[in-house]
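Asker: Can you read through this structure? Questions will come right after.
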Amino acid sequence: MRAADILTPEQVRIVQAKSTLRSVVLIVHAWALILGAMALFAWWPNPLTFLLAVAIIAGRQLGLSILMHEGAHGMIAADTRINMWLSQWLCAYPVLLDTVAYRKYHLKHHANTQQPDDPDLVLSAPFPITHKSFRRKVIRDLTGQTGLQQRLGQFRSALGKPAQPLRQRLAHFQQQLGRQLIANAVLFAGLAAAGHWYLYPLMWILPLVTVYQLILRIRNIAEHAMVPDDSDPFRNARTTLAGPLARLFLAPYWVNYHVEHHLLMWVPCYNLPKMHRFLQKGPHGERIEVKRSYGEILKLAMSRPDGEDDGGTRVHDGKRRVTGLIMETDADDTFDHGGRGAQAT
């Protein structure tokens with residue numbers, strides 16, 4: 001879309017305004033919530049504070065991924081080097097991601113949204129599914145099966161091919177995961193120096209391989225699954241309205257304004273609500289695909305009757321990939337829908 005086709009020149013000026021300071025504040029906010037949740041559990045350890053801290057931290061781990069996504073679009077800072085440093089070291093590396101690798105993949109999604117060559121089509125095509133299928137996915141996420149499979153696949157990929165010389169494999173591993181491990185080592189060292197080393201496995205790794213996976217799954221479903229029109233830029237993505245609790249646990253940093261992001265991907269995340277209001281008041285307001293809550297979307301996602309096949313021809317390619325915000329596994333729930341390869345998240 002051209003900005004002039006959907007917004008006035010003044011509205012374009014408002015929504016494209018970029019602030020490095022505001023981006024830094026968002027990064028600080030994410031880490032403040034993470035460390036605050038850890039401190040709460042360390043100060044008052046009990047099942048309630050444990051569950052609350054894990055949920056908050058997992059939500060902010062997604063928040064760091066969203067801010068990495070901002071960096072992939074060059075929207076954290078105007079200076080390219082500052083943008084990349086903030087995106088990599090403070091957002092991507094701690095959650096074992098990489099902005100550069102993600103950007104190469106993600107721009108293909110923007111260029112081919114919901115089309116046959118969209119690399120993210122595998123995430124939306126299988127839906128709707130049955131309640132039983134969704135329950136299986138939730139169980140795998142919350143028990144760590146999804147996350148551990150992804151992490152093991154990520155480490156195996158980083159180690160390279162067994163036939164390669166050891167020196168070459170180690171160099172490849174350092175290139176693929178070296179900085180991520182350094183960032184995690186710094187986090188572990190900081191917690192250990194504070195006298196609470198156990199918070200790293202319990203309050204960082206555990207949320208990352210469990211609750212974070214479920215949150216990521218729900219976000220992926222909300223953004224493109226079961227959209228009304230794969231070829232309409234106003235309706236091949238979805239904006240989901242989110243209240244305070246949803247923003248805390250499921251939709252950090254305005255990630256729920258997904259139609260707006262796809263229409264103009266250079267709008268910083270903190271300006272997406274303004275863009276949403278501008279569009280709602282304009283001639284295209286009624287075209288935008290909007291749902292009132294994540295609950296409404298999940299109900300739609302599980303609308304296939306339990307006695308009915310989830311559709312398509314079951315395949316078993318066992319493929320695993322980790323591409324930043326898009327993470328997929330579940331080889332047992334992989335289907336081919338109408339010729340479009342569809343691997344369920």
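Letters A, B, ... mark the chains of the structure tokens in the order given; residue numbers begin at 1 per chain; ligand numbers begin at 1, in order shown.
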Just the strand (DSSP E or B) stuff from region 74-299 of chain A, please, per backbone DSSP, written as a PyMOL selection string.
Answerer: chain A and resi 130+239-240+257+290-291
Asker: Quick one: residues within 12 Å of Arg22 (chain A), only C-alpha atoms counted, chain neighbours fewer than 2 positions away excluded, as a PyMOL selection string?
Answerer: chain A and resi 17-20+24-29+67+75-77+253+268-271
Asker: Store the residues picked out above, limited to N, CA and C atoms, as a CSV table (one decimal), in the first residue's frame.
Answerer:
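Written output follows (result.csv):
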```
chain,number,residue,atom,x,y,z
A,17,ALA,N,6.7,9.2,12.7
A,17,ALA,CA,7.6,9.8,13.6
A,17,ALA,C,8.3,8.7,14.4
A,18,LYS,N,9.6,8.8,14.5
A,18,LYS,CA,10.4,7.7,15.1
A,18,LYS,C,11.2,8.4,16.3
A,19,SER,N,11.3,7.7,17.4
A,19,SER,CA,11.9,8.2,18.6
A,19,SER,C,12.8,7.1,19.2
A,20,THR,N,14.2,7.3,19.1
A,20,THR,CA,15.1,6.4,19.8
A,20,THR,C,14.8,6.3,21.2
A,24,VAL,N,14.0,3.0,23.5
A,24,VAL,CA,14.9,2.6,24.7
A,24,VAL,C,14.0,2.4,25.9
A,25,VAL,N,13.0,3.3,26.1
A,25,VAL,CA,12.1,3.2,27.2
A,25,VAL,C,11.4,1.9,27.2
A,26,LEU,N,10.9,1.5,26.0
A,26,LEU,CA,10.2,0.2,25.8
A,26,LEU,C,11.1,-1.0,26.2
A,27,ILE,N,12.4,-0.9,25.8
A,27,ILE,CA,13.3,-2.0,26.1
A,27,ILE,C,13.5,-2.1,27.6
A,28,VAL,N,13.7,-0.9,28.2
A,28,VAL,CA,13.9,-0.8,29.7
A,28,VAL,C,12.7,-1.3,30.4
A,29,HIS,N,11.5,-1.0,29.8
A,29,HIS,CA,10.2,-1.4,30.4
A,29,HIS,C,10.1,-3.0,30.4
A,67,LEU,N,10.2,-6.3,20.0
A,67,LEU,CA,11.1,-5.2,19.9
A,67,LEU,C,12.3,-5.5,18.9
A,75,MET,N,13.3,0.4,13.1
A,75,MET,CA,12.5,1.4,13.8
A,75,MET,C,12.8,1.6,15.3
A,76,ILE,N,13.9,1.0,15.7
A,76,ILE,CA,14.3,1.3,17.1
A,76,ILE,C,15.1,2.6,17.2
A,77,ALA,N,15.9,2.8,16.2
A,77,ALA,CA,16.7,4.0,16.2
A,77,ALA,C,17.0,4.4,14.7
A,253,TYR,N,3.5,-4.3,23.6
A,253,TYR,CA,4.0,-3.3,22.6
A,253,TYR,C,3.2,-3.2,21.3
A,268,PRO,N,6.4,2.9,13.5
A,268,PRO,CA,6.8,2.3,14.8
A,268,PRO,C,5.7,1.8,15.6
A,269,CYS,N,5.9,0.8,16.4
A,269,CYS,CA,4.8,0.1,17.1
A,269,CYS,C,4.0,1.0,18.0
A,270,TYR,N,4.7,2.0,18.6
A,270,TYR,CA,4.0,2.9,19.5
A,270,TYR,C,3.0,3.9,18.7
A,271,ASN,N,3.2,3.9,17.4
A,271,ASN,CA,2.3,4.8,16.6
A,271,ASN,C,1.1,4.0,16.0
```
Asker: What parts of region 89-334 of chain A does DSSP call alpha helix (DSSP H)? I'd like the answer as a ChimeraX atom specification.
Answerer: /A:99-111,121-124,131-142,145-158,166-173,179-193,199-200,206-209,211-224,244-249,258-263,272-281,294-301
Asker: Quick check, in Å to one decimal: how far apart do CA of Leu148 (chain A) and CA of Leu208 (chain A) lie?
Answerer: 9.5 Å
Asker: Can you pull out every residue within 7 Å of region 104-109 of chain A, counting only C-alpha atoms, but drop anything in the same chain fewer than 3 positions away, and send it as a PDB file with C-alpha atoms, in the first residue's frame?
Answerer:
```pdb
ATOM      1  CA  VAL A 100      19.587 -10.255  10.778  1.00  0.00           C
ATOM      2  CA  ALA A 101      18.442 -13.825  10.131  1.00  0.00           C
ATOM      3  CA  ASN A 112       3.839 -12.223  -0.113  1.00  0.00           C
ATOM      4  CA  THR A 113       1.320 -12.103   2.736  1.00  0.00           C
ATOM      5  CA  ASP A 118       4.419 -16.642   1.939  1.00  0.00           C
ATOM      6  CA  PRO A 119       6.851 -18.486   4.279  1.00  0.00           C
ATOM      7  CA  ASP A 120       4.373 -17.978   7.138  1.00  0.00           C
TER       8      ASP A 120
END
```
Asker: I'd like to know which of A:Gly160, A:Gly282, A:Pro244, A:Pro305 is closest to Gln176 (chain A), using only C-alpha atoms.
Answerer: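 Checking each candidate against Gln176 (chain A), we get A:Gly160 as the closest.
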Asker: Pick out the residues sitting within 12 Å of Ala185 (chain A), and hand them over as a list in words; count only C-alpha atoms, and ignore anything fewer than 5 positions along from it in its own chain.
Answerer: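 Result of the neighbour search: Tyr93, Pro94, Val95, Leu96, Gly178, Arg179, Gln180, Gly190, Leu191, Ala192, Ala193, Trp197, Tyr200, Pro201 and Trp204 of chain A.
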Asker: Select from region 52-94 of chain A every residue with an atom at most 12 Å from any atom of region 219-240 of chain A, then for each give the shortest pair of atoms and their distance in Å to one decimal, using only C-alpha atoms, rows by chain and rising number, as JSON lines.
Answerer:
```
{"residue": "A:Gly59", "atom": "CA", "partner": "A:Arg219", "partner_atom": "CA", "distance": 11.0}
{"residue": "A:Leu62", "atom": "CA", "partner": "A:Arg219", "partner_atom": "CA", "distance": 9.6}
{"residue": "A:Gly63", "atom": "CA", "partner": "A:Arg219", "partner_atom": "CA", "distance": 11.7}
{"residue": "A:Ile66", "atom": "CA", "partner": "A:Arg219", "partner_atom": "CA", "distance": 11.1}
```
Asker: When you count only C-alpha atoms, which of these residues is closest to Glu70 (chain A): A:His110, A:Ser87, A:Asp117, A:Arg304?
Answerer: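 Once distances to Glu70 (chain A) are computed over only C-alpha atoms, the minimum belongs to A:Ser87.
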Asker: From the set A:Leu272, A:Leu202, A:Leu245, A:Leu52, which residue has the shortest atom-to-atom contact distance to Tyr257 (chain A), counting only C-alpha atoms?
Answerer: A:Leu272
